[in-house]
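Structure data follow from run-v8.pdb (PDB, C-alpha atoms):
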```
ATOM      1  CA  ASN A 213      -0.510  14.858  17.506  1.00  0.00           C
ATOM      2  CA  GLY A 214      -3.285  12.291  17.897  1.00  0.00           C
ATOM      3  CA  GLY A 215      -2.698   8.981  16.172  1.00  0.00           C
ATOM      4  CA  ALA A 216       0.060  10.365  14.001  1.00  0.00           C
ATOM      5  CA  ARG A 217       3.524   9.071  14.729  1.00  0.00           C
ATOM      6  CA  SER A 218       6.893  10.005  13.397  1.00  0.00           C
ATOM      7  CA  GLN A 219       9.982   8.200  14.586  1.00  0.00           C
ATOM      8  CA  ARG A 220      12.000  11.409  14.515  1.00  0.00           C
ATOM      9  CA  GLN A 221      11.916  13.375  17.748  1.00  0.00           C
ATOM     10  CA  ASP A 222      11.636  16.815  16.134  1.00  0.00           C
ATOM     11  CA  SER A 223       9.965  16.923  12.748  1.00  0.00           C
ATOM     12  CA  SER A 224       9.394  20.667  12.642  1.00  0.00           C
ATOM     13  CA  HIS A 225      11.144  21.880   9.538  1.00  0.00           C
ATOM     14  CA  SER A 226      12.110  25.473   8.864  1.00  0.00           C
ATOM     15  CA  GLY A 227      12.937  24.644   5.239  1.00  0.00           C
ATOM     16  CA  PRO A 228      10.586  24.322   2.283  1.00  0.00           C
ATOM     17  CA  SER A 229       7.518  22.132   2.386  1.00  0.00           C
ATOM     18  CA  ARG A 230       7.855  18.495   1.403  1.00  0.00           C
ATOM     19  CA  VAL A 231       6.233  16.076  -0.989  1.00  0.00           C
ATOM     20  CA  ALA A 232       4.514  13.077   0.570  1.00  0.00           C
ATOM     21  CA  ALA A 233       2.823   9.879  -0.533  1.00  0.00           C
ATOM     22  CA  PHE A 234      -0.044   8.616   1.630  1.00  0.00           C
ATOM     23  CA  PHE A 235      -1.206   4.997   1.537  1.00  0.00           C
ATOM     24  CA  ASP A 236      -4.223   3.357   3.133  1.00  0.00           C
ATOM     25  CA  MET A 237      -3.490  -0.037   4.663  1.00  0.00           C
ATOM     26  CA  ASP A 238      -6.488  -2.320   4.098  1.00  0.00           C
ATOM     27  CA  LYS A 239      -7.249  -3.344   0.518  1.00  0.00           C
ATOM     28  CA  THR A 240      -4.544  -0.946  -0.708  1.00  0.00           C
ATOM     29  CA  LEU A 241      -1.223  -2.111   0.703  1.00  0.00           C
ATOM     30  CA  ILE A 242      -2.605  -5.456   1.848  1.00  0.00           C
ATOM     31  CA  ALA A 243      -5.182  -7.593   0.049  1.00  0.00           C
ATOM     32  CA  GLU A 244      -7.473  -8.145   3.041  1.00  0.00           C
ATOM     33  CA  ASN A 245      -9.017  -6.121   5.828  1.00  0.00           C
ATOM     34  CA  SER A 246      -6.644  -6.289   8.819  1.00  0.00           C
ATOM     35  CA  GLY A 247      -9.586  -6.196  11.244  1.00  0.00           C
ATOM     36  CA  SER A 248     -11.070  -9.314   9.659  1.00  0.00           C
ATOM     37  CA  ILE A 249      -7.701 -11.071   9.825  1.00  0.00           C
ATOM     38  CA  TYR A 250      -7.427 -10.149  13.503  1.00  0.00           C
ATOM     39  CA  MET A 251     -10.969 -11.332  14.307  1.00  0.00           C
ATOM     40  CA  LYS A 252     -10.253 -14.685  12.625  1.00  0.00           C
ATOM     41  CA  HIS A 253      -7.011 -14.962  14.620  1.00  0.00           C
ATOM     42  CA  ARG A 254      -8.817 -14.226  17.898  1.00  0.00           C
ATOM     43  CA  PHE A 255     -11.419 -16.874  17.057  1.00  0.00           C
ATOM     44  CA  GLU A 256      -8.732 -19.454  16.234  1.00  0.00           C
ATOM     45  CA  GLN A 257      -6.964 -18.649  19.524  1.00  0.00           C
ATOM     46  CA  GLY A 258     -10.190 -19.124  21.497  1.00  0.00           C
ATOM     47  CA  GLU A 259     -10.282 -15.471  22.597  1.00  0.00           C
ATOM     48  CA  ILE A 260     -13.742 -14.991  21.092  1.00  0.00           C
ATOM     49  CA  ASP A 261     -16.563 -17.441  20.431  1.00  0.00           C
ATOM     50  CA  SER A 262     -18.494 -18.018  17.205  1.00  0.00           C
ATOM     51  CA  TRP A 263     -21.206 -15.562  18.289  1.00  0.00           C
ATOM     52  CA  GLN A 264     -18.637 -12.781  18.737  1.00  0.00           C
ATOM     53  CA  LEU A 265     -17.054 -13.694  15.394  1.00  0.00           C
ATOM     54  CA  ALA A 266     -20.450 -13.541  13.676  1.00  0.00           C
ATOM     55  CA  ARG A 267     -21.165 -10.145  15.295  1.00  0.00           C
ATOM     56  CA  GLY A 268     -17.786  -8.916  14.044  1.00  0.00           C
ATOM     57  CA  LEU A 269     -18.517 -10.105  10.508  1.00  0.00           C
ATOM     58  CA  LEU A 270     -21.963  -8.504  10.628  1.00  0.00           C
ATOM     59  CA  ALA A 271     -20.393  -5.232  11.780  1.00  0.00           C
ATOM     60  CA  TYR A 272     -17.941  -5.434   8.860  1.00  0.00           C
ATOM     61  CA  LEU A 273     -20.834  -5.912   6.416  1.00  0.00           C
ATOM     62  CA  ARG A 274     -22.686  -2.947   7.965  1.00  0.00           C
ATOM     63  CA  TYR A 275     -19.477  -0.911   7.598  1.00  0.00           C
ATOM     64  CA  LYS A 276     -19.204  -1.858   3.899  1.00  0.00           C
ATOM     65  CA  LEU A 277     -22.837  -0.808   3.393  1.00  0.00           C
ATOM     66  CA  GLY A 278     -22.298   2.496   5.224  1.00  0.00           C
ATOM     67  CA  GLY A 279     -24.593   1.675   8.137  1.00  0.00           C
ATOM     68  CA  LEU A 280     -22.116   1.369  11.008  1.00  0.00           C
ATOM     69  CA  ASP A 281     -21.182   3.989  13.574  1.00  0.00           C
ATOM     70  CA  ILE A 282     -17.417   3.384  13.484  1.00  0.00           C
ATOM     71  CA  GLN A 283     -16.784   5.663  16.452  1.00  0.00           C
ATOM     72  CA  ALA A 284     -19.150   3.761  18.735  1.00  0.00           C
ATOM     73  CA  ARG A 285     -18.104   0.354  17.392  1.00  0.00           C
ATOM     74  CA  THR A 286     -14.406   1.103  17.919  1.00  0.00           C
ATOM     75  CA  GLN A 287     -15.026   2.349  21.471  1.00  0.00           C
ATOM     76  CA  ALA A 288     -17.069  -0.772  22.292  1.00  0.00           C
ATOM     77  CA  MET A 289     -14.510  -3.171  20.778  1.00  0.00           C
ATOM     78  CA  MET A 290     -11.579  -1.620  22.632  1.00  0.00           C
ATOM     79  CA  LEU A 291     -13.260  -2.145  26.003  1.00  0.00           C
ATOM     80  CA  GLU A 292     -12.350  -5.826  25.546  1.00  0.00           C
ATOM     81  CA  PHE A 293      -8.676  -4.868  25.830  1.00  0.00           C
ATOM     82  CA  GLU A 294      -8.944  -3.120  29.185  1.00  0.00           C
ATOM     83  CA  GLY A 295      -6.141  -4.353  31.443  1.00  0.00           C
ATOM     84  CA  ARG A 296      -4.088  -5.892  28.624  1.00  0.00           C
ATOM     85  CA  LEU A 297      -0.401  -5.062  28.439  1.00  0.00           C
ATOM     86  CA  GLU A 298       0.686  -3.038  25.415  1.00  0.00           C
ATOM     87  CA  ALA A 299       3.794  -5.225  25.166  1.00  0.00           C
ATOM     88  CA  ASP A 300       1.629  -8.359  24.843  1.00  0.00           C
ATOM     89  CA  LEU A 301      -0.450  -6.810  22.053  1.00  0.00           C
ATOM     90  CA  GLU A 302       2.700  -5.585  20.293  1.00  0.00           C
ATOM     91  CA  ALA A 303       4.121  -9.138  20.336  1.00  0.00           C
ATOM     92  CA  GLU A 304       0.773 -10.557  19.209  1.00  0.00           C
ATOM     93  CA  GLY A 305       0.577  -8.006  16.379  1.00  0.00           C
ATOM     94  CA  ARG A 306       4.094  -8.833  15.179  1.00  0.00           C
ATOM     95  CA  ASN A 307       3.361 -12.561  15.243  1.00  0.00           C
ATOM     96  CA  LEU A 308       0.074 -12.065  13.393  1.00  0.00           C
ATOM     97  CA  TYR A 309       1.846  -9.909  10.826  1.00  0.00           C
ATOM     98  CA  GLU A 310       4.441 -12.600  10.179  1.00  0.00           C
ATOM     99  CA  GLU A 311       1.886 -15.442  10.087  1.00  0.00           C
ATOM    100  CA  ALA A 312      -1.070 -13.919   8.236  1.00  0.00           C
ATOM    101  CA  ILE A 313      -0.561 -10.345   7.031  1.00  0.00           C
ATOM    102  CA  SER A 314       2.912 -10.145   5.467  1.00  0.00           C
ATOM    103  CA  CYS A 315       1.809 -12.566   2.739  1.00  0.00           C
ATOM    104  CA  GLN A 316      -1.114 -10.207   1.986  1.00  0.00           C
ATOM    105  CA  VAL A 317       1.131  -7.263   1.010  1.00  0.00           C
ATOM    106  CA  TYR A 318       0.761  -6.493  -2.677  1.00  0.00           C
ATOM    107  CA  PRO A 319       4.115  -6.685  -4.514  1.00  0.00           C
ATOM    108  CA  GLU A 320       3.020  -3.612  -6.485  1.00  0.00           C
ATOM    109  CA  ALA A 321       2.562  -1.735  -3.220  1.00  0.00           C
ATOM    110  CA  ARG A 322       6.118  -2.544  -2.171  1.00  0.00           C
ATOM    111  CA  GLY A 323       7.401  -1.244  -5.496  1.00  0.00           C
ATOM    112  CA  CYS A 324       5.303   1.911  -5.364  1.00  0.00           C
ATOM    113  CA  ILE A 325       6.466   2.757  -1.841  1.00  0.00           C
ATOM    114  CA  ARG A 326      10.072   2.085  -2.784  1.00  0.00           C
ATOM    115  CA  ALA A 327       9.736   4.393  -5.834  1.00  0.00           C
ATOM    116  CA  HIS A 328       8.402   7.230  -3.652  1.00  0.00           C
ATOM    117  CA  GLN A 329      11.176   6.703  -1.118  1.00  0.00           C
ATOM    118  CA  GLU A 330      13.817   6.786  -3.863  1.00  0.00           C
ATOM    119  CA  GLN A 331      12.416  10.153  -4.976  1.00  0.00           C
ATOM    120  CA  GLY A 332      12.862  11.465  -1.434  1.00  0.00           C
ATOM    121  CA  HIS A 333       9.132  11.655  -0.706  1.00  0.00           C
ATOM    122  CA  LEU A 334       7.883  11.304   2.848  1.00  0.00           C
ATOM    123  CA  VAL A 335       5.804   8.104   2.903  1.00  0.00           C
ATOM    124  CA  CYS A 336       2.970   7.635   5.392  1.00  0.00           C
ATOM    125  CA  ILE A 337       0.575   4.738   5.992  1.00  0.00           C
ATOM    126  CA  VAL A 338      -2.883   5.801   7.202  1.00  0.00           C
ATOM    127  CA  SER A 339      -5.352   3.377   8.776  1.00  0.00           C
ATOM    128  CA  GLY A 340      -8.186   3.116  11.250  1.00  0.00           C
ATOM    129  CA  THR A 341      -6.377   0.176  12.849  1.00  0.00           C
ATOM    130  CA  THR A 342      -4.142   0.465  15.904  1.00  0.00           C
ATOM    131  CA  LYS A 343      -0.361   0.551  16.151  1.00  0.00           C
ATOM    132  CA  PHE A 344      -0.346  -3.156  16.944  1.00  0.00           C
ATOM    133  CA  LEU A 345      -1.185  -4.027  13.326  1.00  0.00           C
ATOM    134  CA  ILE A 346       0.099  -1.013  11.392  1.00  0.00           C
ATOM    135  CA  GLU A 347       3.600  -0.748  12.871  1.00  0.00           C
ATOM    136  CA  PRO A 348       4.781  -4.234  11.798  1.00  0.00           C
ATOM    137  CA  LEU A 349       3.667  -3.401   8.243  1.00  0.00           C
ATOM    138  CA  ALA A 350       5.419  -0.020   8.367  1.00  0.00           C
ATOM    139  CA  GLU A 351       8.630  -1.646   9.599  1.00  0.00           C
ATOM    140  CA  ASP A 352       8.472  -4.299   6.873  1.00  0.00           C
ATOM    141  CA  LEU A 353       7.989  -1.635   4.192  1.00  0.00           C
ATOM    142  CA  ARG A 354      10.566   0.673   5.828  1.00  0.00           C
ATOM    143  CA  VAL A 355       7.943   3.396   6.180  1.00  0.00           C
ATOM    144  CA  GLU A 356       8.795   5.864   8.910  1.00  0.00           C
ATOM    145  CA  HIS A 357       5.400   7.550   9.367  1.00  0.00           C
ATOM    146  CA  VAL A 358       1.983   6.169  10.315  1.00  0.00           C
ATOM    147  CA  VAL A 359      -1.343   7.742  11.236  1.00  0.00           C
ATOM    148  CA  HIS A 360      -3.709   5.414  13.115  1.00  0.00           C
ATOM    149  CA  THR A 361      -6.307   5.019  15.848  1.00  0.00           C
ATOM    150  CA  GLN A 362      -4.674   5.333  19.252  1.00  0.00           C
ATOM    151  CA  LEU A 363      -5.614   3.480  22.402  1.00  0.00           C
ATOM    152  CA  GLU A 364      -5.219   4.976  25.844  1.00  0.00           C
ATOM    153  CA  ALA A 365      -2.654   3.292  28.072  1.00  0.00           C
ATOM    154  CA  ARG A 366      -1.327   4.019  31.534  1.00  0.00           C
ATOM    155  CA  GLU A 367       2.092   2.660  32.439  1.00  0.00           C
ATOM    156  CA  GLY A 368       1.918   0.162  29.571  1.00  0.00           C
ATOM    157  CA  VAL A 369      -1.574  -1.119  30.431  1.00  0.00           C
ATOM    158  CA  LEU A 370      -4.552  -0.421  28.150  1.00  0.00           C
ATOM    159  CA  THR A 371      -7.497   1.346  29.757  1.00  0.00           C
ATOM    160  CA  GLY A 372     -10.046   0.162  27.184  1.00  0.00           C
ATOM    161  CA  ARG A 373     -10.527   3.728  25.911  1.00  0.00           C
ATOM    162  CA  VAL A 374      -9.807   5.074  22.437  1.00  0.00           C
ATOM    163  CA  LEU A 375      -8.104   8.447  22.201  1.00  0.00           C
ATOM    164  CA  GLU A 376     -10.147  10.862  20.120  1.00  0.00           C
ATOM    165  CA  PRO A 377     -10.470  11.030  17.247  1.00  0.00           C
ATOM    166  CA  VAL A 378     -10.779   7.562  15.766  1.00  0.00           C
ATOM    167  CA  CYS A 379      -8.811   7.482  12.507  1.00  0.00           C
ATOM    168  CA  PHE A 380     -11.884   7.161  10.315  1.00  0.00           C
ATOM    169  CA  GLY A 381     -13.981   9.663   8.340  1.00  0.00           C
ATOM    170  CA  GLU A 382     -13.730  13.148   9.826  1.00  0.00           C
ATOM    171  CA  GLY A 383     -11.342  11.872  12.491  1.00  0.00           C
ATOM    172  CA  LYS A 384      -8.967  10.590   9.814  1.00  0.00           C
ATOM    173  CA  ILE A 385      -9.108  13.984   8.094  1.00  0.00           C
ATOM    174  CA  GLN A 386      -8.383  15.754  11.391  1.00  0.00           C
ATOM    175  CA  LEU A 387      -5.395  13.504  12.147  1.00  0.00           C
ATOM    176  CA  LEU A 388      -4.063  13.884   8.617  1.00  0.00           C
ATOM    177  CA  ARG A 389      -4.353  17.680   8.790  1.00  0.00           C
ATOM    178  CA  GLN A 390      -2.324  17.676  11.997  1.00  0.00           C
ATOM    179  CA  PHE A 391       0.286  15.408  10.450  1.00  0.00           C
ATOM    180  CA  ILE A 392       0.482  17.459   7.243  1.00  0.00           C
ATOM    181  CA  GLU A 393       0.935  20.683   9.190  1.00  0.00           C
ATOM    182  CA  HIS A 394       3.492  19.169  11.556  1.00  0.00           C
ATOM    183  CA  GLU A 395       5.528  17.660   8.710  1.00  0.00           C
ATOM    184  CA  ARG A 396       5.141  20.724   6.419  1.00  0.00           C
ATOM    185  CA  ILE A 397       3.638  18.717   3.551  1.00  0.00           C
ATOM    186  CA  ASP A 398       2.763  20.423   0.264  1.00  0.00           C
ATOM    187  CA  LEU A 399      -0.507  18.659  -0.605  1.00  0.00           C
ATOM    188  CA  ALA A 400      -0.610  20.112  -4.124  1.00  0.00           C
ATOM    189  CA  ARG A 401       2.595  18.221  -4.932  1.00  0.00           C
ATOM    190  CA  SER A 402       1.788  15.086  -2.924  1.00  0.00           C
ATOM    191  CA  TRP A 403       0.237  11.732  -3.695  1.00  0.00           C
TER     192      TRP A 403
END
```

If you convert what's in this file into structure tokens, what do you get?
Amino acid sequence: NGGARSQRQDSSHSGPSRVAAFFDMDKTLIAENSGSIYMKHRFEQGEIDSWQLARGLLAYLRYKLGGLDIQARTQAMMLEFEGRLEADLEAEGRNLYEEAISCQVYPEARGCIRAHQEQGHLVCIVSGTTKFLIEPLAEDLRVEHVVHTQLEAREGVLTGRVLEPVCFGEGKIQLLRQFIEHERIDLARSW
């Protein structure tokens, strides 16, 4: 089901539909844009030079102004990860979360998620980022469901390709529709 993930093996429910609460990641659950945090980290680690950092910041500004083709930009950026081990990026994402992202989580967001969970609502974090940045946040917040951009991997090695659709715009809507149908969510009663 695309970039949607549920930790349960079989989420098909024959019972009544469920109430859910959906949360965006960047600037909603966390104070900063996770992509910007990651670019800064890559620069500090020497993985990208100042020209690549400047191009990344320019792309972010174009995104904010509505002039960036996210699909093409995401595909181009992910080519840099061709041949990288998923396990290495998972470890890097967890370390980055602990060092630079966990402190960005809004306390109010933690409370809001906890309140939904206490009411028995299915909680889902939705983001255009990859599992490497969203899953550590989900684990910290004890959120079982995430919808995100997925990267293609073969035998634990990234191919540099993004699986369609990218979790942005129409692609995000498509992935959410699949998730909602799969999890039997009643949107009229959801948040």

- [ ] Kindly give the distance, in Å, that separates atom CA of A:Arg306 and atom CA of A:Phe391, rounded to a single decimal.
- [x]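 For atom CA of A:Arg306 relative to atom CA of A:Phe391, the distance reads 25.0 Å.
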
Check which residues of stretch 264-340 of chain A sit at most 9 Å from stretch 363-374 of chain A using only C-alpha atoms, and return one row each with the closest pair of atoms and their distance in Å to one decimal, ordered by chain and rising number, as a Markdown table.
```
| residue | atom | partner | partner_atom | distance |
| --- | --- | --- | --- | --- |
| A:Thr286 | CA | A:Val374 | CA | 7.6 |
| A:Gln287 | CA | A:Val374 | CA | 6.0 |
| A:Ala288 | CA | A:Gly372 | CA | 8.6 |
| A:Met289 | CA | A:Gly372 | CA | 8.5 |
| A:Met290 | CA | A:Gly372 | CA | 5.1 |
| A:Leu291 | CA | A:Gly372 | CA | 4.1 |
| A:Glu292 | CA | A:Gly372 | CA | 6.6 |
| A:Phe293 | CA | A:Gly372 | CA | 5.4 |
| A:Glu294 | CA | A:Gly372 | CA | 4.0 |
| A:Gly295 | CA | A:Leu370 | CA | 5.4 |
| A:Arg296 | CA | A:Leu370 | CA | 5.5 |
| A:Leu297 | CA | A:Val369 | CA | 4.6 |
| A:Glu298 | CA | A:Gly368 | CA | 5.4 |
| A:Ala299 | CA | A:Gly368 | CA | 7.2 |
```

Task: Result set of the PyMOL selection byres ((chain A and resi 234-245) around 7) on the coordinates above, as number ranges by chain - done: A: 232-233, 246-249, 316-318, 321, 335-339, 403

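One distance worth recording is that between atom CA of A:Glu351 and atom CA of A:Gln331, which is 19.1 Å.
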
Task: Atomic separation - atom CA of A:Leu345 relative to atom CA of A:Glu376, Å - done: 18.7 Å

Open item on the list: I want to know what sits within 10 Å of A:Gln329, based on only C-alpha atoms, with residues of the same chain fewer than 4 positions away left out; could you give that as a list of chain:residue names?
Closed with: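 Close residues of A:Gln329: A:Ala232, A:Ala233, A:Gly323, A:Cys324, A:Ile325, A:His333, A:Leu334, A:Val335, A:Arg354, A:Val355.
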
Taking all atoms listed in the file into account, produce a table as JSON lines in which each residue of stretch 237-291 of chain A with an atom at most 12 Å from an atom of stretch 378-387 of chain A appears once, together with its shortest atom pair and the distance in Å to one decimal, ordered by chain and rising number.
```
{"residue": "A:Tyr275", "atom": "CA", "partner": "A:Phe380", "partner_atom": "CA", "distance": 11.4}
{"residue": "A:Gly278", "atom": "CA", "partner": "A:Gly381", "partner_atom": "CA", "distance": 11.4}
{"residue": "A:Leu280", "atom": "CA", "partner": "A:Phe380", "partner_atom": "CA", "distance": 11.8}
{"residue": "A:Asp281", "atom": "CA", "partner": "A:Phe380", "partner_atom": "CA", "distance": 10.4}
{"residue": "A:Ile282", "atom": "CA", "partner": "A:Phe380", "partner_atom": "CA", "distance": 7.4}
{"residue": "A:Gln283", "atom": "CA", "partner": "A:Val378", "partner_atom": "CA", "distance": 6.3}
{"residue": "A:Ala284", "atom": "CA", "partner": "A:Val378", "partner_atom": "CA", "distance": 9.7}
{"residue": "A:Arg285", "atom": "CA", "partner": "A:Val378", "partner_atom": "CA", "distance": 10.4}
{"residue": "A:Thr286", "atom": "CA", "partner": "A:Val378", "partner_atom": "CA", "distance": 7.7}
{"residue": "A:Gln287", "atom": "CA", "partner": "A:Val378", "partner_atom": "CA", "distance": 8.8}
{"residue": "A:Met290", "atom": "CA", "partner": "A:Val378", "partner_atom": "CA", "distance": 11.5}
```

Keeping only C-alpha atoms, write the selected residues to a file as a PDB file, keeping the file's coordinate frame.
```pdb
ATOM      1  CA  TYR A 275     -19.477  -0.911   7.598  1.00  0.00           C
ATOM      2  CA  GLY A 278     -22.298   2.496   5.224  1.00  0.00           C
ATOM      3  CA  LEU A 280     -22.116   1.369  11.008  1.00  0.00           C
ATOM      4  CA  ASP A 281     -21.182   3.989  13.574  1.00  0.00           C
ATOM      5  CA  ILE A 282     -17.417   3.384  13.484  1.00  0.00           C
ATOM      6  CA  GLN A 283     -16.784   5.663  16.452  1.00  0.00           C
ATOM      7  CA  ALA A 284     -19.150   3.761  18.735  1.00  0.00           C
ATOM      8  CA  ARG A 285     -18.104   0.354  17.392  1.00  0.00           C
ATOM      9  CA  THR A 286     -14.406   1.103  17.919  1.00  0.00           C
ATOM     10  CA  GLN A 287     -15.026   2.349  21.471  1.00  0.00           C
ATOM     11  CA  MET A 290     -11.579  -1.620  22.632  1.00  0.00           C
TER      12      MET A 290
END
```

Open item on the list: Applying 9 Å and only C-alpha atoms, which residues near A:Leu399 remain after dropping the ones on its own chain fewer than 6 positions away? List them as a VMD selection string.
Closed with: chain A and resid 230 to 232 392

Please reconstruct the missing atoms of stretch 342-369 of chain A (target: N, CA and C atoms) and return them as a PDB file, keeping the file's coordinate frame.
```pdb
ATOM      1  N   THR A 342      -5.014  -0.007  14.825  1.00  0.00           N
ATOM      2  CA  THR A 342      -4.142   0.465  15.904  1.00  0.00           C
ATOM      3  C   THR A 342      -2.682   0.211  15.541  1.00  0.00           C
ATOM      4  N   LYS A 343      -1.799   0.721  16.382  1.00  0.00           N
ATOM      5  CA  LYS A 343      -0.361   0.551  16.151  1.00  0.00           C
ATOM      6  C   LYS A 343       0.059  -0.918  16.160  1.00  0.00           C
ATOM      7  N   PHE A 344      -0.721  -1.750  16.807  1.00  0.00           N
ATOM      8  CA  PHE A 344      -0.346  -3.156  16.944  1.00  0.00           C
ATOM      9  C   PHE A 344      -0.363  -3.893  15.604  1.00  0.00           C
ATOM     10  N   LEU A 345      -1.156  -3.411  14.647  1.00  0.00           N
ATOM     11  CA  LEU A 345      -1.185  -4.027  13.326  1.00  0.00           C
ATOM     12  C   LEU A 345      -0.489  -3.179  12.271  1.00  0.00           C
ATOM     13  N   ILE A 346      -0.489  -1.862  12.423  1.00  0.00           N
ATOM     14  CA  ILE A 346       0.099  -1.013  11.392  1.00  0.00           C
ATOM     15  C   ILE A 346       1.622  -0.917  11.511  1.00  0.00           C
ATOM     16  N   GLU A 347       2.156  -0.919  12.719  1.00  0.00           N
ATOM     17  CA  GLU A 347       3.600  -0.748  12.871  1.00  0.00           C
ATOM     18  C   GLU A 347       4.422  -1.909  12.299  1.00  0.00           C
ATOM     19  N   PRO A 348       3.996  -3.174  12.450  1.00  0.00           N
ATOM     20  CA  PRO A 348       4.781  -4.234  11.798  1.00  0.00           C
ATOM     21  C   PRO A 348       4.817  -4.080  10.272  1.00  0.00           C
ATOM     22  N   LEU A 349       3.701  -3.648   9.687  1.00  0.00           N
ATOM     23  CA  LEU A 349       3.667  -3.401   8.243  1.00  0.00           C
ATOM     24  C   LEU A 349       4.611  -2.259   7.875  1.00  0.00           C
ATOM     25  N   ALA A 350       4.551  -1.168   8.641  1.00  0.00           N
ATOM     26  CA  ALA A 350       5.419  -0.020   8.367  1.00  0.00           C
ATOM     27  C   ALA A 350       6.890  -0.419   8.457  1.00  0.00           C
ATOM     28  N   GLU A 351       7.239  -1.205   9.453  1.00  0.00           N
ATOM     29  CA  GLU A 351       8.630  -1.646   9.599  1.00  0.00           C
ATOM     30  C   GLU A 351       9.049  -2.522   8.426  1.00  0.00           C
ATOM     31  N   ASP A 352       8.174  -3.429   8.002  1.00  0.00           N
ATOM     32  CA  ASP A 352       8.472  -4.299   6.873  1.00  0.00           C
ATOM     33  C   ASP A 352       8.705  -3.483   5.595  1.00  0.00           C
ATOM     34  N   LEU A 353       7.894  -2.458   5.397  1.00  0.00           N
ATOM     35  CA  LEU A 353       7.989  -1.635   4.192  1.00  0.00           C
ATOM     36  C   LEU A 353       8.977  -0.479   4.345  1.00  0.00           C
ATOM     37  N   ARG A 354       9.606  -0.398   5.518  1.00  0.00           N
ATOM     38  CA  ARG A 354      10.566   0.673   5.828  1.00  0.00           C
ATOM     39  C   ARG A 354       9.922   2.055   5.699  1.00  0.00           C
ATOM     40  N   VAL A 355       8.682   2.141   6.173  1.00  0.00           N
ATOM     41  CA  VAL A 355       7.943   3.396   6.180  1.00  0.00           C
ATOM     42  C   VAL A 355       8.055   3.987   7.575  1.00  0.00           C
ATOM     43  N   GLU A 356       8.493   5.224   7.637  1.00  0.00           N
ATOM     44  CA  GLU A 356       8.795   5.864   8.910  1.00  0.00           C
ATOM     45  C   GLU A 356       7.566   6.489   9.588  1.00  0.00           C
ATOM     46  N   HIS A 357       6.533   6.801   8.821  1.00  0.00           N
ATOM     47  CA  HIS A 357       5.400   7.550   9.367  1.00  0.00           C
ATOM     48  C   HIS A 357       4.100   6.756   9.248  1.00  0.00           C
ATOM     49  N   VAL A 358       3.306   6.789  10.314  1.00  0.00           N
ATOM     50  CA  VAL A 358       1.983   6.169  10.315  1.00  0.00           C
ATOM     51  C   VAL A 358       1.002   7.099  11.025  1.00  0.00           C
ATOM     52  N   VAL A 359      -0.235   7.047  10.577  1.00  0.00           N
ATOM     53  CA  VAL A 359      -1.343   7.742  11.236  1.00  0.00           C
ATOM     54  C   VAL A 359      -2.385   6.660  11.489  1.00  0.00           C
ATOM     55  N   HIS A 360      -2.839   6.532  12.749  1.00  0.00           N
ATOM     56  CA  HIS A 360      -3.709   5.414  13.115  1.00  0.00           C
ATOM     57  C   HIS A 360      -4.559   5.770  14.323  1.00  0.00           C
ATOM     58  N   THR A 361      -5.490   4.888  14.642  1.00  0.00           N
ATOM     59  CA  THR A 361      -6.307   5.019  15.848  1.00  0.00           C
ATOM     60  C   THR A 361      -5.422   4.689  17.050  1.00  0.00           C
ATOM     61  N   GLN A 362      -5.494   5.550  18.062  1.00  0.00           N
ATOM     62  CA  GLN A 362      -4.674   5.333  19.252  1.00  0.00           C
ATOM     63  C   GLN A 362      -5.525   4.879  20.424  1.00  0.00           C
ATOM     64  N   LEU A 363      -4.955   3.965  21.196  1.00  0.00           N
ATOM     65  CA  LEU A 363      -5.614   3.480  22.402  1.00  0.00           C
ATOM     66  C   LEU A 363      -4.946   4.096  23.624  1.00  0.00           C
ATOM     67  N   GLU A 364      -5.760   4.405  24.612  1.00  0.00           N
ATOM     68  CA  GLU A 364      -5.219   4.976  25.844  1.00  0.00           C
ATOM     69  C   GLU A 364      -4.546   3.883  26.665  1.00  0.00           C
ATOM     70  N   ALA A 365      -3.380   4.216  27.202  1.00  0.00           N
ATOM     71  CA  ALA A 365      -2.654   3.292  28.072  1.00  0.00           C
ATOM     72  C   ALA A 365      -2.063   4.081  29.229  1.00  0.00           C
ATOM     73  N   ARG A 366      -1.985   3.443  30.357  1.00  0.00           N
ATOM     74  CA  ARG A 366      -1.327   4.019  31.534  1.00  0.00           C
ATOM     75  C   ARG A 366      -0.287   3.023  32.006  1.00  0.00           C
ATOM     76  N   GLU A 367       0.967   3.492  32.010  1.00  0.00           N
ATOM     77  CA  GLU A 367       2.092   2.660  32.439  1.00  0.00           C
ATOM     78  C   GLU A 367       2.114   1.320  31.710  1.00  0.00           C
ATOM     79  N   GLY A 368       1.835   1.360  30.390  1.00  0.00           N
ATOM     80  CA  GLY A 368       1.918   0.162  29.571  1.00  0.00           C
ATOM     81  C   GLY A 368       0.710  -0.751  29.625  1.00  0.00           C
ATOM     82  N   VAL A 369      -0.366  -0.308  30.313  1.00  0.00           N
ATOM     83  CA  VAL A 369      -1.574  -1.119  30.431  1.00  0.00           C
ATOM     84  C   VAL A 369      -2.722  -0.376  29.749  1.00  0.00           C
TER      85      VAL A 369
END
```
